[in-house]
$ cat model.cif   # mmCIF, C-alpha atoms
data_protein
loop_
_atom_site.label_atom_id
_atom_site.label_comp_id
_atom_site.auth_asym_id
_atom_site.auth_seq_id
_atom_site.Cartn_x
_atom_site.Cartn_y
_atom_site.Cartn_z
CA MET A 1 -22.75 -45.17 -14.92
CA THR A 2 -22.54 -44.32 -11.26
CA ALA A 3 -19.60 -42.47 -9.75
CA LEU A 4 -18.39 -45.75 -8.23
CA GLU A 5 -18.52 -47.46 -11.65
CA LEU A 6 -16.71 -44.51 -13.22
CA THR A 7 -13.99 -44.73 -10.55
CA ASP A 8 -13.58 -48.43 -11.30
CA HIS A 9 -13.53 -47.75 -15.06
CA THR A 10 -10.83 -45.09 -14.60
CA ALA A 11 -8.71 -47.48 -12.50
CA LYS A 12 -8.92 -50.07 -15.30
CA MET A 13 -7.87 -47.42 -17.83
CA LEU A 14 -4.81 -46.83 -15.63
CA GLY A 15 -3.89 -50.53 -15.78
CA TYR A 16 -5.37 -51.75 -12.49
CA ASP A 17 -7.90 -54.57 -12.13
CA GLY A 18 -10.31 -52.09 -10.59
CA ALA A 19 -10.68 -49.39 -7.98
CA GLU A 20 -10.25 -51.90 -5.16
CA ASP A 21 -6.56 -52.22 -6.21
CA LEU A 22 -5.94 -48.53 -5.52
CA ASP A 23 -5.00 -46.95 -2.21
CA THR A 24 -7.44 -44.49 -0.69
CA GLY A 25 -5.48 -41.42 -1.87
CA PRO A 26 -5.49 -42.24 -5.62
CA ARG A 27 -9.11 -43.40 -5.43
CA LEU A 28 -10.16 -40.08 -3.86
CA LEU A 29 -8.10 -38.18 -6.44
CA ILE A 30 -9.91 -39.99 -9.27
CA ARG A 31 -13.26 -39.01 -7.71
CA GLN A 32 -12.11 -35.40 -7.48
CA TYR A 33 -11.13 -35.46 -11.17
CA LEU A 34 -14.49 -36.98 -12.13
CA ASP A 35 -16.27 -34.15 -10.32
CA GLN A 36 -13.98 -31.60 -11.99
CA ALA A 37 -14.79 -33.10 -15.40
CA ALA A 38 -18.54 -32.82 -14.73
CA ALA A 39 -18.17 -29.21 -13.57
CA GLN A 40 -16.05 -28.34 -16.60
CA ALA A 41 -18.56 -29.93 -18.99
CA ALA A 42 -21.33 -27.90 -17.38
CA GLN A 43 -19.26 -24.72 -17.49
CA ASP A 44 -17.93 -25.04 -21.03
CA ARG A 45 -20.61 -26.84 -22.99
CA SER A 46 -23.89 -27.83 -21.49
CA LEU A 47 -25.53 -27.00 -18.22
CA PRO A 48 -27.51 -29.96 -16.91
CA LEU A 49 -31.19 -29.01 -16.84
CA ALA A 50 -33.75 -29.56 -14.12
CA SER A 51 -37.48 -28.85 -14.15
CA GLN A 52 -39.26 -28.59 -10.84
CA HIS A 53 -42.87 -28.04 -9.80
CA VAL A 54 -43.17 -25.31 -7.16
CA THR A 55 -45.79 -23.09 -5.55
CA LEU A 56 -45.16 -19.35 -5.62
CA ASP A 57 -45.87 -17.38 -2.47
CA ALA A 58 -48.46 -14.60 -1.96
CA THR A 59 -46.21 -12.08 -3.73
CA GLY A 60 -45.40 -14.35 -6.70
CA CYS A 61 -41.95 -15.18 -5.35
CA LEU A 62 -39.93 -18.34 -4.80
CA ALA A 63 -36.67 -18.55 -2.84
CA GLU A 64 -34.03 -20.23 -5.02
CA SER A 65 -33.04 -22.30 -1.98
CA GLN A 66 -36.31 -24.23 -2.44
CA LEU A 67 -35.05 -25.67 -5.73
CA THR A 68 -33.33 -29.06 -5.65
CA HIS A 69 -30.11 -27.69 -7.19
CA THR A 70 -28.54 -24.25 -6.98
CA PRO A 71 -29.51 -22.63 -10.29
CA ARG A 72 -26.85 -21.02 -12.42
CA GLN A 73 -29.32 -19.89 -15.06
CA ILE A 74 -33.12 -19.94 -15.09
CA PHE A 75 -34.60 -20.51 -18.52
CA TYR A 76 -38.38 -20.72 -18.06
CA VAL A 77 -41.08 -20.29 -15.47
CA ASP A 78 -44.29 -21.87 -16.75
CA VAL A 79 -47.57 -21.14 -15.02
CA GLU A 80 -50.65 -23.02 -16.21
CA GLY A 81 -48.72 -24.27 -19.24
CA ALA A 82 -47.55 -20.86 -20.46
CA PRO A 83 -44.11 -19.30 -19.95
CA LEU A 84 -44.28 -16.06 -17.97
CA PRO A 85 -41.73 -13.28 -17.57
CA PHE A 86 -39.74 -13.46 -14.36
CA ARG A 87 -36.91 -11.70 -12.55
CA ARG A 88 -34.10 -13.09 -10.46
CA ILE A 89 -33.58 -10.83 -7.47
CA ARG A 90 -30.48 -10.99 -5.31
CA LEU A 91 -30.75 -9.16 -2.02
CA VAL A 92 -29.13 -9.84 1.31
CA GLY A 93 -29.91 -13.43 2.14
CA SER A 94 -31.33 -15.94 -0.26
CA PRO A 95 -31.84 -14.92 -3.90
CA PHE A 96 -35.34 -15.42 -5.22
CA ILE A 97 -37.41 -15.52 -8.39
CA HIS A 98 -40.29 -13.09 -8.84
CA VAL A 99 -43.08 -13.84 -11.31
CA PRO A 100 -45.41 -10.83 -11.54
CA GLY A 101 -49.11 -11.70 -11.51
CA ALA A 102 -48.60 -15.32 -10.42
CA ALA A 103 -49.23 -15.09 -6.67
CA GLU A 104 -49.88 -18.46 -4.99
CA LYS A 105 -49.91 -20.33 -8.31
CA GLU A 106 -48.31 -23.62 -9.26
CA ALA A 107 -45.31 -23.18 -11.58
CA VAL A 108 -42.67 -25.25 -13.31
CA VAL A 109 -39.18 -23.75 -13.12
CA THR A 110 -36.66 -24.97 -15.72
CA TYR A 111 -33.08 -24.10 -14.89
CA GLY A 112 -29.47 -25.04 -15.52
CA TYR A 113 -27.10 -25.87 -12.69
CA THR A 114 -23.51 -26.85 -12.01
CA PRO A 115 -23.36 -30.44 -10.78
CA GLU A 116 -22.49 -31.02 -7.14
CA PRO A 117 -19.83 -33.62 -6.20
CA MET A 118 -21.18 -37.11 -6.82
CA GLY A 119 -21.84 -39.76 -4.21
CA ASP A 120 -21.03 -43.41 -4.94
CA GLU A 121 -24.44 -44.20 -6.43
CA ASP A 122 -24.97 -40.86 -8.19
CA GLU A 123 -24.96 -40.68 -11.96
CA PRO A 124 -23.56 -37.64 -13.77
CA PRO A 125 -26.34 -35.36 -15.07
CA PHE A 126 -25.32 -35.80 -18.70
CA PRO A 127 -26.41 -38.17 -21.47
CA PHE A 128 -25.32 -41.76 -20.83
CA TRP A 129 -22.96 -41.82 -23.83
CA PHE A 130 -20.90 -39.04 -22.21
CA HIS A 131 -20.33 -40.78 -18.85
CA PRO A 132 -17.22 -42.81 -19.87
CA HIS A 133 -15.59 -39.63 -21.15
CA LEU A 134 -15.54 -38.26 -17.60
CA ALA A 135 -13.20 -41.19 -16.92
CA ASP A 136 -11.06 -40.12 -19.91
CA TYR A 137 -10.52 -36.77 -18.19
CA ALA A 138 -9.73 -38.41 -14.84
CA ALA A 139 -7.28 -40.85 -16.42
CA ALA A 140 -5.55 -38.02 -18.31
CA ARG A 141 -5.13 -36.05 -15.09
CA MET A 142 -3.81 -39.11 -13.23
CA LEU A 143 -1.24 -39.87 -15.94
CA SER A 144 -0.14 -36.31 -16.68
CA GLN A 145 2.56 -36.21 -14.01
CA GLY A 146 4.31 -39.39 -15.17
CA GLY A 147 7.10 -40.10 -17.61
CA ASN A 148 7.00 -39.82 -21.38
CA ASP A 149 4.92 -42.98 -21.93
CA GLN A 150 2.37 -41.92 -19.33
CA GLN A 151 2.14 -38.43 -20.78
CA ASN A 152 1.47 -39.89 -24.23
CA LYS A 153 -1.38 -41.94 -22.76
CA ALA A 154 -2.61 -38.84 -20.93
CA ARG A 155 -2.62 -36.89 -24.19
CA PHE A 156 -4.67 -39.66 -25.86
CA PHE A 157 -7.27 -39.64 -23.07
CA LEU A 158 -7.38 -35.84 -23.09
CA GLU A 159 -8.03 -35.83 -26.85
CA MET A 160 -10.90 -38.29 -26.31
CA TRP A 161 -12.26 -35.98 -23.58
CA TYR A 162 -12.19 -32.88 -25.77
CA ALA A 163 -13.76 -34.71 -28.73
CA ALA A 164 -16.64 -35.85 -26.49
CA LEU A 165 -16.93 -32.39 -24.96
CA ALA A 166 -17.36 -30.91 -28.45
CA ARG A 167 -20.11 -33.46 -29.20
CA LEU A 168 -21.87 -32.66 -25.93
CA SER A 169 -23.01 -29.32 -27.26
CA GLY A 170 -23.65 -30.65 -30.75
CA PRO A 171 -26.86 -31.90 -32.35
CA GLU A 172 -27.04 -34.98 -30.11
CA HIS A 173 -27.41 -32.81 -27.01
CA ASP A 174 -29.50 -29.82 -27.94
CA ALA A 175 -30.96 -28.90 -24.57
CA LEU A 176 -29.58 -25.38 -24.77
CA CYS A 177 -29.37 -24.94 -28.55
CA TRP A 178 -31.48 -22.45 -30.42
CA LYS A 179 -34.05 -23.99 -32.72
CA ASN A 180 -34.56 -22.81 -36.28
CA LEU A 181 -38.18 -21.69 -36.11
CA TYR A 182 -38.47 -21.59 -39.90
CA HIS A 183 -37.15 -25.15 -40.41
CA GLN A 184 -34.50 -23.99 -42.90
#
$ encode --input "model.cif" --output "structure tokens"
Amino acid sequence: MTALELTDHTAKMLGYDGAEDLDTGPRLLIRQYLDQAAAQAAQDRSLPLASQHVTLDATGCLAESQLTHTPRQIFYVDVEGAPLPFRRIRLVGSPFIHVPGAAEKEAVVTYGYTPEPMGDEDEPPFPFWFHPHLADYAAARMLSQGGNDQQNKARFFLEMWYAALARLSGPEHDALCWKNLYHQ
């Protein structure tokens, strides 16, 4: 689902016919909550992963600013199909990755990142089954300031959010899980 579809879905969860029935303020607030949900999912459970082909410079370095997303954690740097040791170096200016012995070689960098705010046509960087649960979080936040009935609905949506969040790091989404090398 795109961010626009998620906004519409959240509006329907709140009892509207769609996002077009909302004023600009509530619509923008829903979008903010959707972005917060994506950031929280990345922080608490599962960093979205990206793999990118790059060329290292003459010293075996790559400025992190050359990656599509700002990396929070770098997992692998593969050169010629083999993972190589690397270091993340943070000096004044842009941080960079140094891969000793890989000067001017092609590499694939696999890293986790915190999602940036979504545009209308952007999809959250999580499995498709998780997308509607971002709307659960947004609906819970929208309803949390209301009366008793609204707070009960908010609690229901929040429970749905936390159940999905727990599944996100479970066996269905094992991008960052350790594998049992002995198959036991």
$ resolve_selection --input "model.cif" --expression "the PyMOL selection byres ((chain A and resi 52) around 12)" --output "ChimeraX atom specification"
/A:49-51,53-55,62,64,66-69,71,74,76-79,106-112
$ resolve_selection --input "model.cif" --expression "the PyMOL selection byres ((chain A and resi 42) around 12)" --output "list in words"
Asp35, Gln36, Ala37, Ala38, Ala39, Gln40, Ala41, Gln43, Asp44, Arg45, Ser46, Leu47, Pro48, Leu49, Arg72, Gln73, Gly112, Tyr113, Thr114, Pro115, Glu116, Pro124, Pro125, Phe126, Leu134, Leu165, Leu168, Ser169 and Leu176 of chain A
$ closest_atom_pairs --input "model.cif" --of "range 52-125 of chain A" --to "range 1-8 of chain A" --cutoff "7 Å" --atoms "all atoms listed in the file" --output "JSON lines"
{"residue": "A:Met118", "atom": "CA", "partner": "A:Ala3", "partner_atom": "CA", "distance": 6.3}
{"residue": "A:Gly119", "atom": "CA", "partner": "A:Ala3", "partner_atom": "CA", "distance": 6.6}
{"residue": "A:Asp120", "atom": "CA", "partner": "A:Leu4", "partner_atom": "CA", "distance": 4.8}
{"residue": "A:Glu121", "atom": "CA", "partner": "A:Thr2", "partner_atom": "CA", "distance": 5.2}
{"residue": "A:Asp122", "atom": "CA", "partner": "A:Thr2", "partner_atom": "CA", "distance": 5.2}
{"residue": "A:Glu123", "atom": "CA", "partner": "A:Thr2", "partner_atom": "CA", "distance": 4.4}
$ resolve_selection --input "model.cif" --expression "the PyMOL selection byres ((chain A and resi 160) around 12)" --output "PyMOL selection string"
chain A and resi 130+132-140+153-159+161-167
$ closest_residue --input "model.cif" --among "A:Met13, A:Ile89, A:Leu143, A:Ala102" --to "Asp57 in chain A" --atoms "only C-alpha atoms"
A:Ala102
$ atom_distance --input "model.cif" --atom1 "CA of Leu91 in chain A" --atom2 "CA of Pro117 in chain A"
27.1 Å
$ atom_distance --input "model.cif" --atom1 "CA of Lys12 in chain A" --atom2 "CA of Leu34 in chain A"
14.6 Å
$ atom_distance --input "model.cif" --atom1 "CA of Thr59 in chain A" --atom2 "CA of Glu104 in chain A"
7.5 Å
$ decode --input "model.cif" --residues "range 19-54 of chain A" --atoms "C-alpha atoms" --output "PDB file, in the first residue's frame"
ATOM      1  CA  ALA A  19      -9.143  10.793   3.371  1.00  0.00           C
ATOM      2  CA  GLU A  20     -10.896  13.293   1.109  1.00  0.00           C
ATOM      3  CA  ASP A  21     -13.479  13.803   3.914  1.00  0.00           C
ATOM      4  CA  LEU A  22     -10.783  15.038   6.302  1.00  0.00           C
ATOM      5  CA  ASP A  23      -9.502  18.581   6.664  1.00  0.00           C
ATOM      6  CA  THR A  24      -5.857  19.201   5.846  1.00  0.00           C
ATOM      7  CA  GLY A  25      -4.768  19.216   9.510  1.00  0.00           C
ATOM      8  CA  PRO A  26      -6.065  15.733  10.430  1.00  0.00           C
ATOM      9  CA  ARG A  27      -4.853  14.323   7.104  1.00  0.00           C
ATOM     10  CA  LEU A  28      -1.333  15.648   7.761  1.00  0.00           C
ATOM     11  CA  LEU A  29      -1.466  14.315  11.330  1.00  0.00           C
ATOM     12  CA  ILE A  30      -2.350  10.831  10.029  1.00  0.00           C
ATOM     13  CA  ARG A  31       0.646  10.988   7.673  1.00  0.00           C
ATOM     14  CA  GLN A  32       2.889  12.004  10.558  1.00  0.00           C
ATOM     15  CA  TYR A  33       1.623   9.050  12.607  1.00  0.00           C
ATOM     16  CA  LEU A  34       2.198   6.662   9.688  1.00  0.00           C
ATOM     17  CA  ASP A  35       5.805   7.866   9.445  1.00  0.00           C
ATOM     18  CA  GLN A  36       6.208   7.516  13.222  1.00  0.00           C
ATOM     19  CA  ALA A  37       4.888   3.944  13.029  1.00  0.00           C
ATOM     20  CA  ALA A  38       7.400   3.060  10.301  1.00  0.00           C
ATOM     21  CA  ALA A  39      10.262   4.609  12.291  1.00  0.00           C
ATOM     22  CA  GLN A  40       9.194   2.792  15.456  1.00  0.00           C
ATOM     23  CA  ALA A  41       8.965  -0.545  13.631  1.00  0.00           C
ATOM     24  CA  ALA A  42      12.472  -0.007  12.278  1.00  0.00           C
ATOM     25  CA  GLN A  43      13.783   1.035  15.688  1.00  0.00           C
ATOM     26  CA  ASP A  44      12.135  -1.682  17.774  1.00  0.00           C
ATOM     27  CA  ARG A  45      11.912  -4.715  15.538  1.00  0.00           C
ATOM     28  CA  SER A  46      13.298  -4.783  12.066  1.00  0.00           C
ATOM     29  CA  LEU A  47      15.483  -2.393  10.170  1.00  0.00           C
ATOM     30  CA  PRO A  48      14.513  -2.284   6.508  1.00  0.00           C
ATOM     31  CA  LEU A  49      17.410  -3.617   4.453  1.00  0.00           C
ATOM     32  CA  ALA A  50      18.945  -2.236   1.290  1.00  0.00           C
ATOM     33  CA  SER A  51      21.668  -3.699  -0.904  1.00  0.00           C
ATOM     34  CA  GLN A  52      23.493  -1.395  -3.255  1.00  0.00           C
ATOM     35  CA  HIS A  53      26.207  -1.854  -5.865  1.00  0.00           C
ATOM     36  CA  VAL A  54      29.016   0.680  -5.440  1.00  0.00           C
TER      37      VAL A  54
END
